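Written out below as structure tokens is the structure these notes cover.
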Amino acid sequence: MQQNENEQAQDYSSGWSPYPRSSTPASGAGWGVAQVVLTAVLVAVAFGAGWFGNTYANRANVASGDARLVLQAWNDIDQYYVVTNSIDHKQMAYAAIKSMVDSLGDTGHSRFETPEQLKAEENQLRNAPTVGIGVYLSGGGKDPIRIDAIIPNSPASKSALKPGDWIVGVDGQDVTGKTIDQVRPLITGTAGTAVKLTIVRPSQSKTATFDVTIVRGTFTAQTVVSYIIPDLNIADIQILQFASDADSQLEQKLRDAQAHHVRGIILDLRDDPGGYLDQAVAVASEFVPAGKTVLIEQSRTGRQVIQSQDHGLAVSTPLVILVNNGTASAAEIVAGSIPADRPGVHVVGEKTFGTGTVLQEFVLADGSALWLGTEEWLLPNGKSIYHVGYMPDQPVTLPATAAPVSPLIADQAHLSGAQVLASGDAQMVQAIHDLQGQG
């Protein structure tokens, strides 16, 4: 799913950011990291609740140094701002927390989440059922909003929609010129309610329109999708995110590839925003022998070497990995670790996002949370990609006029090997050539 040049996104997306996160909650040694950040904020929230006396001297006893600036600002707003009905203590606290996290410069990674945002993110990483119509979209703005693929067993899969259709209207509202982010809220809604899409099918006419009404419903999107490219007998496997079921779904796809006796695998990690750290280790372990270094975790107190597990299904299968600047965190770990242990594996595409830290969750009193990078992860050779990214050994830029060919798109369009090679997806074409050269 593309969320960069081609602005592709799911209509059910919650807009979460890339990160590798530990699968265990914050506790013990992690508290020291959180305490420094939280002290001033928790005191500030306490002001609004009236937990402290009215004199600033009493309040100042619980904070020192620069933290007092936060307390002073809170007190002045609370006591003196004239439009009292504009004072919202929770929003003040949220804004203060967000600003503190933003000041760390860990853009797109360490962050603050409201209870609602946290719940949506956790649901997505658990790959929990979601509500929507179930389509992948691209384009928007000066380009038509295009349905690239339809999620199996979703409401859209039971409708007249087809890949390649353009959405030009939603419930009678013209959406020409709007971005996907502007149109998505019009398409999403409550389960059981209907949405009417006005469609252009350019394969038949670029001017004629027709309406398709879909009742929104609950469905579950796949974490891993695959397509055996006909004639080439190459397995194209894409991991959309490192959700809790990433490795179990990948195992199914690898067993299917083995049953087809494929000549090689293309592991597509383009625009994969990451997810759970343990899933990154498990996925990498499918492709490298047991006991190899997957990553090195570096905290304030020392280093820990994380090794591959003993269950790899494709440790000797010819492999090429696809990445771009939307490949982040857990996906970067996989992309960087496999070639370190298998030098014959090529990484094709563009420099990755460059997260480089492992997040830990610190839950606040009202159910909101801080996600903080408490460890930096390093490649097996000890190199950090933090704010730098991982550079593929075969840099290939996707042409501006081309879109990535995902397994789901290829499957629904029944693309032949020749059609994939002629698709304009230069990164995919390079990967195919690499595998053919190994045959």
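Here's how to read the names in the structure tokens: chain A, B, ... by the order shown, residue numbers from 1 in each chain, ligand numbers from 1 in the order shown.
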
Residues at most 6 Å from Ile306 (chain A), counting only C-alpha atoms, excluding those fewer than 2 positions away in the same chain, as a PDB file with C-alpha atoms, in the first residue's frame?
ATOM      1  CA  THR A 293      22.573 -11.671  14.172  1.00  0.00           C
ATOM      2  CA  VAL A 294      19.342  -9.924  13.198  1.00  0.00           C
ATOM      3  CA  LEU A 295      19.959  -6.681  15.084  1.00  0.00           C
ATOM      4  CA  ILE A 296      21.795  -5.186  18.033  1.00  0.00           C
TER       5      ILE A 296
END

From the options A:Pro339, A:Ser368, A:Glu375, A:Ser406, which residue's atoms come nearest to Asp393 (chain A), counting only C-alpha atoms?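 Between A:Pro339, A:Ser368, A:Glu375, A:Ser406, the residue approaching Asp393 (chain A) most closely is A:Pro339.
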
Counting only C-alpha atoms, the option among A:Ala284, A:Val101, A:Met92, A:Val262 closest to Glu113 (chain A): A:Val101

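For the set A:Thr357, A:Ala280, A:Val334, A:Ile228, the residue with the smallest atom-to-atom gap to Ala259 (chain A) is A:Ile228, counting only C-alpha atoms.
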
So that I can check the secondary structure, give me every residue of region 194-395 of chain A assigned strand (DSSP E or B) by backbone DSSP, as a VMD selection string. chain A and resid 194 to 200 209 to 215 217 to 219 224 to 229 234 to 239 242 264 to 268 274 to 276 293 to 298 303 to 307 319 to 323 346 to 349 357 to 363 369 to 378 384 394 to 395

For CA of Pro392 (chain A) and CA of Glu350 (chain A), determine how far apart the two atoms are, in Å to one decimal place.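 Separating CA of Pro392 (chain A) from CA of Glu350 (chain A) is a distance of 6.5 Å.
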
If we count only C-alpha atoms and set the cut-off at 8 Å, which residues sit around Asp434 (chain A), ignoring sequence neighbours fewer than 4 positions away in its own chain? Please answer as a ChimeraX atom specification. /A:320,346,430,438

Same residues, C-alpha atoms, saved as an mmCIF file, in the first residue's frame:
data_model
loop_
_atom_site.group_PDB
_atom_site.id
_atom_site.type_symbol
_atom_site.label_atom_id
_atom_site.label_comp_id
_atom_site.auth_asym_id
_atom_site.auth_seq_id
_atom_site.Cartn_x
_atom_site.Cartn_y
_atom_site.Cartn_z
ATOM 1 C CA VAL A 320 15.380 -10.171 -3.549
ATOM 2 C CA HIS A 346 20.009 -7.957 -3.284
ATOM 3 C CA GLN A 430 14.993 -5.314 -11.469
ATOM 4 C CA GLN A 438 20.418 -16.687 -10.262
#

For region 241-244 of chain A: contacts at 10 Å, only C-alpha atoms, fewer than 5 positions along chain excluded, given as a ChimeraX atom specification: /A:1,18-21,23,122-128,222-224,249,269,271-280,283,327-331

Hey, what's within 12 Å of Thr107 (chain A) if we count only C-alpha atoms and toss same-chain stuff fewer than 2 positions away? As a CSV table (one decimal) with C-alpha atoms, in the first residue's frame, please?
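Everything below was put into selection-v2.csv:
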chain,number,residue,atom,x,y,z
A,17,SER,CA,3.2,6.2,12.1
A,18,PRO,CA,6.1,3.9,11.4
A,19,TYR,CA,7.9,2.3,14.4
A,98,LYS,CA,2.9,16.5,22.6
A,99,SER,CA,5.2,19.5,22.4
A,101,VAL,CA,7.8,14.7,22.7
A,102,ASP,CA,8.1,16.7,19.4
A,103,SER,CA,11.1,18.6,20.9
A,104,LEU,CA,13.0,15.3,20.9
A,105,GLY,CA,13.2,15.4,17.1
A,109,HIS,CA,8.4,7.8,15.8
A,110,SER,CA,8.3,8.8,19.5
A,111,ARG,CA,5.0,10.4,20.0
A,112,PHE,CA,1.9,11.0,22.3
A,353,PHE,CA,12.8,6.0,6.2
A,354,GLY,CA,15.4,5.8,8.9
A,355,THR,CA,13.7,5.2,12.2
A,356,GLY,CA,16.4,3.3,14.1
A,357,THR,CA,14.8,3.1,17.6
A,371,TRP,CA,5.6,6.0,22.9
A,372,LEU,CA,9.3,6.7,23.5
A,373,GLY,CA,12.4,5.4,21.8
A,386,TYR,CA,18.7,6.5,12.7
A,387,HIS,CA,17.6,9.6,10.6

Selected residue of minimal separation from Asp165 (chain A) among A:Asn75, A:Thr209, A:Thr188, A:Ser316, counting only C-alpha atoms: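 Using only C-alpha atoms, the shortest distance to Asp165 (chain A) belongs to A:Thr209.
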
Spatial neighbours of Gly349 (chain A), 6 Å, only C-alpha atoms, chain gap at least 6 places, as an NGL selection string: :A and (322-324 or 395-396 or 427)

So that I have them on file, write out the residues from the current selection with C-alpha atoms, as a compact mmCIF listing (two decimals), in the first residue's frame.
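Below you can see part_5.txt, which holds the result:
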# COMPACT_ATOMS: atom_id res chain seq x y z
CA LEU A 322 12.15 -4.36 -2.36
CA VAL A 323 12.25 -1.15 -0.28
CA ASN A 324 11.50 2.56 -0.64
CA PRO A 395 19.24 1.83 -6.06
CA VAL A 396 16.26 1.98 -8.43
CA GLN A 427 11.95 -1.95 -8.96

Close residues, region 171-176 of chain A itself excluded, 7 Å, only C-alpha atoms, min 2 positions apart in chain, as a PyMOL selection string: chain A and resi 144+168-169+178+183+195-197

Nearest-residue call for Ala403 (chain A), choices A:Gly141, A:Gly424, A:Pro185, A:Pro163, using only C-alpha atoms: A:Gly424

Write out as number ranges by chain all residues of region 141-388 of chain A that backbone DSSP assigns to helix (DSSP H, G or I). A: 155-158, 180-187, 246-259, 277-285, 330-341

Mind giving me the straight-line distance from CA of Thr84 (chain A) to CA of Thr114 (chain A) in Å, one decimal? 23.9 Å

Sorted by chain and rising residue number, list the residues of region 230-331 of chain A at most 10 Å from region 407-412 of chain A (counting only C-alpha atoms), each with its closest atom pair and distance in Å to one decimal, as a tab-separated table.
residue	atom	partner	partner_atom	distance
A:Ala235	CA	A:Pro407	CA	9.0
A:Asp236	CA	A:Pro407	CA	6.1
A:Ile237	CA	A:Pro407	CA	6.7
A:Gln238	CA	A:Pro407	CA	6.7
A:Asp268	CA	A:Pro407	CA	9.0

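Nearest to Val212 (chain A) of all the residues A:Val315, A:Ala191, A:Ala67, A:Val170 is A:Val170, counting only C-alpha atoms.
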